[in-house]
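Here is the structure we will look at, set down as structure tokens.
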Amino acid sequence: MALGGLALGLLILLVWSFNQGRAVPLPEAAELRLPCVSYAPFRRPGHSPFDPALQIKPAMIEADLRLLSKVTGCVRTYGLDHGLDAVPAIARKLGLRVVLGAWIGGNAVTNKVEIDKALQLSRDYADVIDLLVVGNEVLLRGELPPAELARLLARARGESAVPVAYADVWEFWLRHADVLRENVDVVAAHVLPYWEDDPVALDQAVIHVVAVNAKIHAFFAPLPVFIAETGWPAAGRQRGAAVPGKLEQARFIRELLALQDAALNYNLIEGFDQPWKRKLEGAMGGYWGLFAADGVQRVSLKGPVIADPMWWHIPLGALIGGAAGLLWGLNFASARRCHGKAAIAALILAGAGLVPLGILQWQMLLQWSRNPLDWVFGGGVAISAGLCALLAAGRLARLFDGRVQAGSCPSLIAVLSFKNQCSQRRLNISAVVLLGFVSLMALGLVFDARYRPLVWPLLPAPAVLMLALAVMGDRLDGTAKLTHGLALIVAISAVLVVWQERLANAQALGLASTWLALAFAIVWLQRTTPVSGASCAKL
């Protein structure tokens with residue numbers, strides 16, 4: 001049964017990876033150019049709008065806009081610092097239209113400077129600028145009271161050579177309609193199905209955008225409505241029923257392009273991935289672009305789409321891991337005269353699963369690690385999970401070989417077993433350390449889940465392997481009170497996370513199930529009474 005469970009887990013992993021490499025047909029549209037696309041130039045390493053000294057060279061901006069001109073005839077900007085005041089002139093040169101943004105916040109002095117500059121550009125480039133957007137989600141961030149924002153909008157509207165708008169999430173437009181309505185020419189609303197308080201599944205996402213657009217039109221008539229932001233992330237964690245991903249992003253954009261709705265005027269967020277946003281919004285924030293941060297177009301607007309062009313690295317990893325497991329098993333057998341075929345099969349299956357899971361874990365850390373603390377914590381989880389899985393695999397192989405007498409078979413390859421000390425003690429310590437990391441992870445998700453990951457690829461490995469040990473009757477010494485306390489934290493957190501994320505969130509369900517399996521296996525394996533040194537040596 002234990003071997004069957006390992007084989008089934010490996011089969012599921014391989015089927016999933018092959019599915020990632022399958023070409024999926026998506027909706028086709030006659031028009032392959034987007035109405036407008038958000039543009040920020042902070043896609044290069046080290047670039048961030050929070051760096052006041054950063055100045056983006058006009059040549060870099062022009063190179064970016066040339067790339068965007070392949071997929072759109074319009075760009076939306078958000079501010080005028082860092083060299084972005086050059087966008088209208090470059091857009092005129094390239095034949096692009098501009099939705100010009102003036103960034104405002106809680107500082108009255110910088111607000112005046114920004115608005116003055118924006119108004120001058122609106123006069124100098126009225127032939128290029130279609131709309132001046134004064135402020136972006138200022139009310140959402142709580143940086144200005146509605147009355148002060150209305151005053152700034154009224155001033156801009158009185159002096160601008162082009163129509164004036166304010167941009168915010170659509171609920172805030174409805175909430176502050178009485179203040180905003182009289183001070184804009186256009187309602188610029190953000191409709192992001194993924195980020196809704198009640199996240200919208202992909203198959204309903206475009207329908208949701210259309211419905212909200214109609215609702216805003218009806219509420220603010222006769223003012224025109226511009227959906228100033230809509231889009232879908234290519235990476236990150238699931239929210240409710242909303243699943244991010246490369247295939248999902250392409251599908252959302254294709255369905256928007258295929259939509260025949262004259263009432264829907266929208267801007268897609270965004271042109272390029274913005275790595276700096278990962279520090280604010282987790283992995284989701286950094287992967288909304290039509291183009292990756294390196295300037296390579298990720299979203300294809302026609303033809304079938306492959307979710308992961310590098311899908312083959314999982315079966316290749318399984319092959320390499322299986323070969324390593326075979327060598328480990330042969331060494332295991334020849335060095336200590338252990339000849340159980342089941343033991344060798346267990347090591348092959350464990351290796352074939354651990355290597356591809358390790359690859360996925362590394363990719364996850366690259367996407368999610370925003371600072372040194374993230375790397376330390378993420379690396380701690382990954383290392384403790386991997387070590388625990390390796391120790392459990394070696395111990396499982398011993399059990400399959402028939403619990404031979406002391407000294408006849410090592411619990412793990414020599415490099416990990418050092419002086420062939422007690423294998424159960426090492427496994428117990430690594431299991432408790434892992435459970436401690438999982439407890440911290442669980443508490444983080446319970447109290448601050450929005451920008452934290454739900455997928456940790458390596459965690460199922462120690463959970464499955466230690467469950468197999470428990471099923472086969474193995475036991476470990478340990479501090480029962482500490483283990484039971486951590487397990488209780490993990491179990492309660494698992495229930496709370498599923499309740500917070502709802503049953504539609506498959507990632508939350510999978511993570512909670514893994515936590516419960518891991519906690520249950522560790523508690524089941526631990527004895528409440530210590531064994532003697534002699535019996536420890538036998539294991």
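If you're wondering about the labels, chains in the structure tokens are A, B, ... by order shown, residues count from 1 in each chain, ligands from 1 in order shown.
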Helix (DSSP H, G or I) per DSSP on the backbone: members of range 168-402 of chain A, as a ChimeraX atom specification: /A:170-175,177-183,193-195,202-220,246-258,275-285,313-336,341-368,372-400
Give me the residues of range 253-304 of chain A that have any atom at most 10 Å from an atom of range 26-49 of chain A; for each, the nearest atom pair and the distance in Å, rounded to one decimal. Use only C-alpha atoms, sort by chain and number, and format it as CSV.
```
residue,atom,partner,partner_atom,distance
A:Ile253,CA,A:Leu34,CA,8.9
A:Arg254,CA,A:Pro27,CA,5.8
A:Glu255,CA,A:Pro27,CA,6.1
A:Leu256,CA,A:Ala29,CA,8.9
A:Leu257,CA,A:Ala29,CA,5.8
A:Ala258,CA,A:Ala29,CA,4.4
A:Leu259,CA,A:Ala29,CA,8.0
A:Gln260,CA,A:Ala29,CA,9.6
A:Asn265,CA,A:Pro35,CA,7.4
A:Tyr266,CA,A:Pro35,CA,6.5
A:Asn267,CA,A:Cys36,CA,4.6
A:Leu268,CA,A:Val37,CA,4.7
A:Ile269,CA,A:Ser38,CA,5.1
A:Glu270,CA,A:Ser38,CA,4.6
A:Gly271,CA,A:Tyr39,CA,5.4
A:Phe272,CA,A:Arg43,CA,6.5
A:Asp273,CA,A:Arg43,CA,6.2
A:Gln274,CA,A:Arg43,CA,5.0
A:Pro275,CA,A:Arg43,CA,6.3
A:Trp276,CA,A:Ser48,CA,5.8
A:Lys277,CA,A:Ser48,CA,8.6
A:Gly286,CA,A:Arg43,CA,9.3
A:Gly289,CA,A:Ser38,CA,9.0
A:Leu290,CA,A:Val37,CA,8.9
A:Phe291,CA,A:Arg43,CA,9.8
A:Ala292,CA,A:Arg43,CA,8.3
A:Ala293,CA,A:Arg43,CA,5.0
A:Asp294,CA,A:Arg44,CA,7.3
A:Gly295,CA,A:Arg43,CA,8.5
A:Ser300,CA,A:Leu32,CA,9.7
A:Leu301,CA,A:Leu32,CA,6.3
A:Lys302,CA,A:Glu28,CA,6.2
A:Gly303,CA,A:Leu26,CA,7.2
A:Pro304,CA,A:Leu26,CA,6.1
```
I need the residue nearest Leu509 in chain A from this list: A:Pro146, A:Arg278, A:Val523, A:Arg239. Use only C-alpha atoms for the distance.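 Answer, going by the shortest atom-to-atom distance: A:Arg239.
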Within 10 Å of Val498 in chain A, counting only C-alpha atoms, which residues qualify if same-chain residues fewer than 4 places away don't, as a short mmCIF file (atom, residue, chain, number, x, y, z; two decimals) with C-alpha atoms, in the first residue's frame?
```cif
data_model
loop_
_atom_site.label_atom_id
_atom_site.label_comp_id
_atom_site.auth_asym_id
_atom_site.auth_seq_id
_atom_site.Cartn_x
_atom_site.Cartn_y
_atom_site.Cartn_z
CA GLY A 240 -11.26 32.13 -3.86
CA VAL A 446 -4.41 32.98 9.35
CA SER A 493 -4.94 26.92 11.23
CA ALA A 494 -5.78 24.47 8.43
CA ARG A 502 -13.58 29.26 0.89
CA LEU A 503 -14.03 25.76 -0.50
CA ALA A 504 -13.65 27.03 -4.08
CA ASN A 505 -9.94 27.61 -3.40
CA ALA A 506 -8.30 24.32 -4.41
CA GLN A 507 -4.85 25.57 -3.41
CA ALA A 508 -6.04 26.32 0.13
CA LEU A 509 -7.69 22.90 0.37
CA GLY A 510 -4.51 21.20 -0.87
CA LEU A 511 -2.30 23.11 1.56
CA ALA A 512 -4.61 22.47 4.51
CA SER A 513 -4.77 18.76 3.65
#
```
Can you pull out every residue within 10 Å of Val243 in chain A, counting only C-alpha atoms, but drop anything in the same chain fewer than 3 positions away, and send it as a PDB file with C-alpha atoms, in the first residue's frame?
```
ATOM      1  CA  TYR A 194      -8.914  38.610  -9.394  1.00  0.00           C
ATOM      2  CA  PRO A 199     -12.790  37.020  -6.240  1.00  0.00           C
ATOM      3  CA  VAL A 200     -14.295  36.047  -9.576  1.00  0.00           C
ATOM      4  CA  ALA A 201     -13.428  32.775 -11.308  1.00  0.00           C
ATOM      5  CA  LEU A 202     -11.773  33.029 -14.702  1.00  0.00           C
ATOM      6  CA  TRP A 232      -5.260  38.925 -14.910  1.00  0.00           C
ATOM      7  CA  PRO A 233      -1.997  37.852 -13.173  1.00  0.00           C
ATOM      8  CA  ALA A 234       0.284  35.248 -14.723  1.00  0.00           C
ATOM      9  CA  ALA A 235       1.613  34.010 -11.361  1.00  0.00           C
ATOM     10  CA  GLY A 236       0.764  34.046  -7.683  1.00  0.00           C
ATOM     11  CA  ARG A 237      -1.688  32.377  -5.337  1.00  0.00           C
ATOM     12  CA  GLN A 238      -5.289  31.436  -5.857  1.00  0.00           C
ATOM     13  CA  ARG A 239      -7.899  33.784  -4.344  1.00  0.00           C
ATOM     14  CA  GLY A 240     -11.257  32.133  -3.859  1.00  0.00           C
ATOM     15  CA  GLU A 248      -5.332  31.954 -17.507  1.00  0.00           C
ATOM     16  CA  GLN A 249      -3.883  35.381 -18.279  1.00  0.00           C
ATOM     17  CA  ASN A 505      -9.937  27.606  -3.403  1.00  0.00           C
ATOM     18  CA  ALA A 506      -8.297  24.318  -4.405  1.00  0.00           C
ATOM     19  CA  GLN A 507      -4.845  25.568  -3.407  1.00  0.00           C
TER      20      GLN A 507
END
```
Hey, what does DSSP flag as strand (DSSP E) within range 30-254 of chain A? Can you give it to me as a VMD selection string? chain A and resid 37 to 38 74 to 76 97 to 102 129 to 136 164 to 169 186 to 190 225 to 230
Take the residues from that selection and write them out as a CSV table (one decimal), in the first residue's frame, keeping N, CA, C and O atoms.
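For reference, result_12.csv as written:
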```csv
chain,number,residue,atom,x,y,z
A,37,VAL,N,-3.0,50.1,-23.0
A,37,VAL,CA,-2.2,49.3,-22.1
A,37,VAL,C,-1.5,50.2,-21.1
A,37,VAL,O,-0.9,51.2,-21.5
A,38,SER,N,-1.5,49.8,-19.9
A,38,SER,CA,-0.7,50.5,-18.8
A,38,SER,C,0.8,50.4,-19.1
A,38,SER,O,1.3,49.3,-19.4
A,74,CYS,N,-2.3,52.7,-27.8
A,74,CYS,CA,-2.5,53.7,-26.7
A,74,CYS,C,-1.8,53.2,-25.4
A,74,CYS,O,-1.8,51.9,-25.2
A,75,VAL,N,-1.2,54.1,-24.7
A,75,VAL,CA,-0.6,53.7,-23.4
A,75,VAL,C,-1.1,54.6,-22.3
A,75,VAL,O,-1.4,55.8,-22.5
A,76,ARG,N,-1.3,54.0,-21.1
A,76,ARG,CA,-1.7,54.8,-19.9
A,76,ARG,C,-0.5,54.9,-19.0
A,76,ARG,O,0.1,53.9,-18.6
A,97,ARG,N,-1.4,57.0,-28.9
A,97,ARG,CA,-2.2,57.9,-28.1
A,97,ARG,C,-1.8,57.7,-26.6
A,97,ARG,O,-1.2,56.7,-26.3
A,98,VAL,N,-2.1,58.7,-25.8
A,98,VAL,CA,-1.7,58.6,-24.4
A,98,VAL,C,-2.8,59.0,-23.5
A,98,VAL,O,-3.6,59.9,-23.7
A,99,VAL,N,-3.0,58.1,-22.4
A,99,VAL,CA,-3.8,58.5,-21.3
A,99,VAL,C,-2.8,58.9,-20.2
A,99,VAL,O,-2.1,58.0,-19.6
A,100,LEU,N,-2.7,60.2,-20.0
A,100,LEU,CA,-1.6,60.7,-19.1
A,100,LEU,C,-2.0,60.7,-17.7
A,100,LEU,O,-3.1,61.2,-17.3
A,101,GLY,N,-1.1,60.2,-16.8
A,101,GLY,CA,-1.4,60.2,-15.4
A,101,GLY,C,-0.6,61.2,-14.6
A,101,GLY,O,0.6,61.4,-14.9
A,102,ALA,N,-1.3,61.8,-13.7
A,102,ALA,CA,-0.6,62.7,-12.7
A,102,ALA,C,-0.7,62.1,-11.3
A,102,ALA,O,-1.9,61.9,-10.8
A,129,ILE,N,-2.6,63.4,-26.3
A,129,ILE,CA,-3.2,63.0,-25.1
A,129,ILE,C,-4.7,63.0,-25.2
A,129,ILE,O,-5.3,64.0,-25.5
A,130,ASP,N,-5.3,61.9,-24.9
A,130,ASP,CA,-6.7,61.7,-25.0
A,130,ASP,C,-7.4,62.0,-23.7
A,130,ASP,O,-8.6,62.5,-23.6
A,131,LEU,N,-6.7,61.8,-22.6
A,131,LEU,CA,-7.3,61.9,-21.3
A,131,LEU,C,-6.2,62.2,-20.2
A,131,LEU,O,-5.2,61.6,-20.3
A,132,LEU,N,-6.5,63.1,-19.3
A,132,LEU,CA,-5.7,63.4,-18.2
A,132,LEU,C,-6.3,62.8,-16.9
A,132,LEU,O,-7.4,63.1,-16.5
A,133,VAL,N,-5.6,61.8,-16.3
A,133,VAL,CA,-6.1,61.1,-15.1
A,133,VAL,C,-5.3,61.7,-13.9
A,133,VAL,O,-4.1,61.5,-13.8
A,134,VAL,N,-6.0,62.4,-13.1
A,134,VAL,CA,-5.4,63.1,-11.9
A,134,VAL,C,-5.7,62.2,-10.7
A,134,VAL,O,-6.8,62.2,-10.2
A,135,GLY,N,-4.7,61.5,-10.3
A,135,GLY,CA,-4.8,60.6,-9.1
A,135,GLY,C,-5.2,59.2,-9.5
A,135,GLY,O,-6.0,59.0,-10.3
A,136,ASN,N,-4.5,58.3,-8.8
A,136,ASN,CA,-4.8,56.9,-9.0
A,136,ASN,C,-5.0,56.2,-7.6
A,136,ASN,O,-4.0,56.1,-6.9
A,164,VAL,N,-10.7,65.4,-18.3
A,164,VAL,CA,-10.0,65.0,-17.0
A,164,VAL,C,-10.8,63.9,-16.3
A,164,VAL,O,-12.0,63.8,-16.4
A,165,ALA,N,-10.1,62.9,-15.7
A,165,ALA,CA,-10.7,61.8,-15.0
A,165,ALA,C,-9.9,61.6,-13.7
A,165,ALA,O,-8.8,62.1,-13.5
A,166,TYR,N,-10.5,60.8,-12.8
A,166,TYR,CA,-9.9,60.3,-11.6
A,166,TYR,C,-10.0,58.8,-11.7
A,166,TYR,O,-11.1,58.2,-12.1
A,167,ALA,N,-9.0,58.0,-11.3
A,167,ALA,CA,-9.0,56.5,-11.4
A,167,ALA,C,-9.0,55.9,-10.0
A,167,ALA,O,-8.2,56.2,-9.2
A,168,ASP,N,-10.0,55.0,-9.8
A,168,ASP,CA,-10.0,54.2,-8.6
A,168,ASP,C,-10.8,52.9,-8.8
A,168,ASP,O,-11.5,52.8,-9.9
A,169,VAL,N,-10.8,52.0,-7.9
A,169,VAL,CA,-11.6,50.8,-8.0
A,169,VAL,C,-13.1,51.2,-8.0
A,169,VAL,O,-13.5,52.2,-7.4
A,186,VAL,N,-14.8,62.2,-17.3
A,186,VAL,CA,-14.8,60.7,-17.5
A,186,VAL,C,-14.7,60.0,-16.2
A,186,VAL,O,-13.9,60.3,-15.4
A,187,VAL,N,-15.5,58.9,-16.1
A,187,VAL,CA,-15.3,58.0,-14.9
A,187,VAL,C,-14.3,56.9,-15.3
A,187,VAL,O,-14.6,56.1,-16.2
A,188,ALA,N,-13.2,56.9,-14.6
A,188,ALA,CA,-12.1,56.0,-14.9
A,188,ALA,C,-12.1,54.9,-13.7
A,188,ALA,O,-11.5,55.2,-12.7
A,189,ALA,N,-12.7,53.8,-14.0
A,189,ALA,CA,-12.9,52.8,-12.9
A,189,ALA,C,-12.0,51.6,-13.1
A,189,ALA,O,-11.8,51.1,-14.3
A,190,HIS,N,-11.5,51.0,-12.0
A,190,HIS,CA,-10.7,49.8,-12.1
A,190,HIS,C,-11.6,48.6,-11.8
A,190,HIS,O,-12.3,48.6,-10.8
A,225,VAL,N,-17.7,56.2,-19.5
A,225,VAL,CA,-17.0,55.4,-18.5
A,225,VAL,C,-15.8,54.7,-19.3
A,225,VAL,O,-15.9,54.3,-20.4
A,226,PHE,N,-14.7,54.8,-18.6
A,226,PHE,CA,-13.4,54.2,-19.1
A,226,PHE,C,-13.0,53.1,-18.0
A,226,PHE,O,-12.7,53.5,-16.9
A,227,ILE,N,-12.9,51.9,-18.4
A,227,ILE,CA,-12.4,50.9,-17.5
A,227,ILE,C,-10.9,51.0,-17.5
A,227,ILE,O,-10.2,50.5,-18.4
A,228,ALA,N,-10.3,51.8,-16.6
A,228,ALA,CA,-9.0,52.2,-16.6
A,228,ALA,C,-7.9,51.1,-16.3
A,228,ALA,O,-6.8,51.3,-16.6
A,229,GLU,N,-8.4,50.1,-15.6
A,229,GLU,CA,-7.6,48.9,-15.4
A,229,GLU,C,-8.4,47.7,-15.3
A,229,GLU,O,-9.4,47.6,-14.6
A,230,THR,N,-8.0,46.7,-16.1
A,230,THR,CA,-8.5,45.3,-16.0
A,230,THR,C,-7.4,44.4,-16.5
A,230,THR,O,-6.5,44.8,-17.3
```
Long-range neighbours of Gln361 in chain A as a ChimeraX atom specification, 9 Å cut-off, only C-alpha atoms, 3 positions minimum in chain: /A:356-358,364-366,382,455-458
Write a file of the just-selected residues containing C-alpha atoms, as a PDB file, in the first residue's frame.
```pdb
ATOM      1  CA  PRO A 356      10.881  17.468  -9.616  1.00  0.00           C
ATOM      2  CA  LEU A 357       9.206  18.710  -6.431  1.00  0.00           C
ATOM      3  CA  GLY A 358      12.486  20.379  -5.538  1.00  0.00           C
ATOM      4  CA  MET A 364       8.176  29.033  -6.181  1.00  0.00           C
ATOM      5  CA  LEU A 365      10.905  30.643  -4.057  1.00  0.00           C
ATOM      6  CA  LEU A 366      12.102  32.707  -7.021  1.00  0.00           C
ATOM      7  CA  ALA A 382      12.383  23.783   1.811  1.00  0.00           C
ATOM      8  CA  VAL A 455       1.606  26.295  -2.698  1.00  0.00           C
ATOM      9  CA  TRP A 456       4.757  24.744  -1.184  1.00  0.00           C
ATOM     10  CA  PRO A 457       5.633  21.892  -3.575  1.00  0.00           C
ATOM     11  CA  LEU A 458       8.019  20.015  -1.263  1.00  0.00           C
TER      12      LEU A 458
END
```
For Asn107 in chain A, which residue out of A:Leu144, A:Ala324, A:Leu391, A:Val355 is the nearest one, using only C-alpha atoms? A:Leu144
Give me, as a list of chain:residue names, all polymer residues having an atom no more than 9 Å from Ala521 in chain A, counting only C-alpha atoms and skipping those fewer than 4 positions away in the same chain.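 In the requested form, the answer reads A:Ala463, A:Val464, A:Leu465, A:Met466, A:Leu467, A:Ala468, A:Leu469, A:Ala470, A:Leu516, A:Ala517, A:Leu525, A:Gln526.
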When you count only C-alpha atoms, which of these residues is closest to Leu13 in chain A: A:Trp499, A:Trp173, A:Trp328, A:Trp312?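 Once distances to Leu13 in chain A are computed over only C-alpha atoms, the minimum belongs to A:Trp312.
Across the model, the gap from CA of Leu153 in chain A to CA of Val179 in chain A is 10.4 Å.
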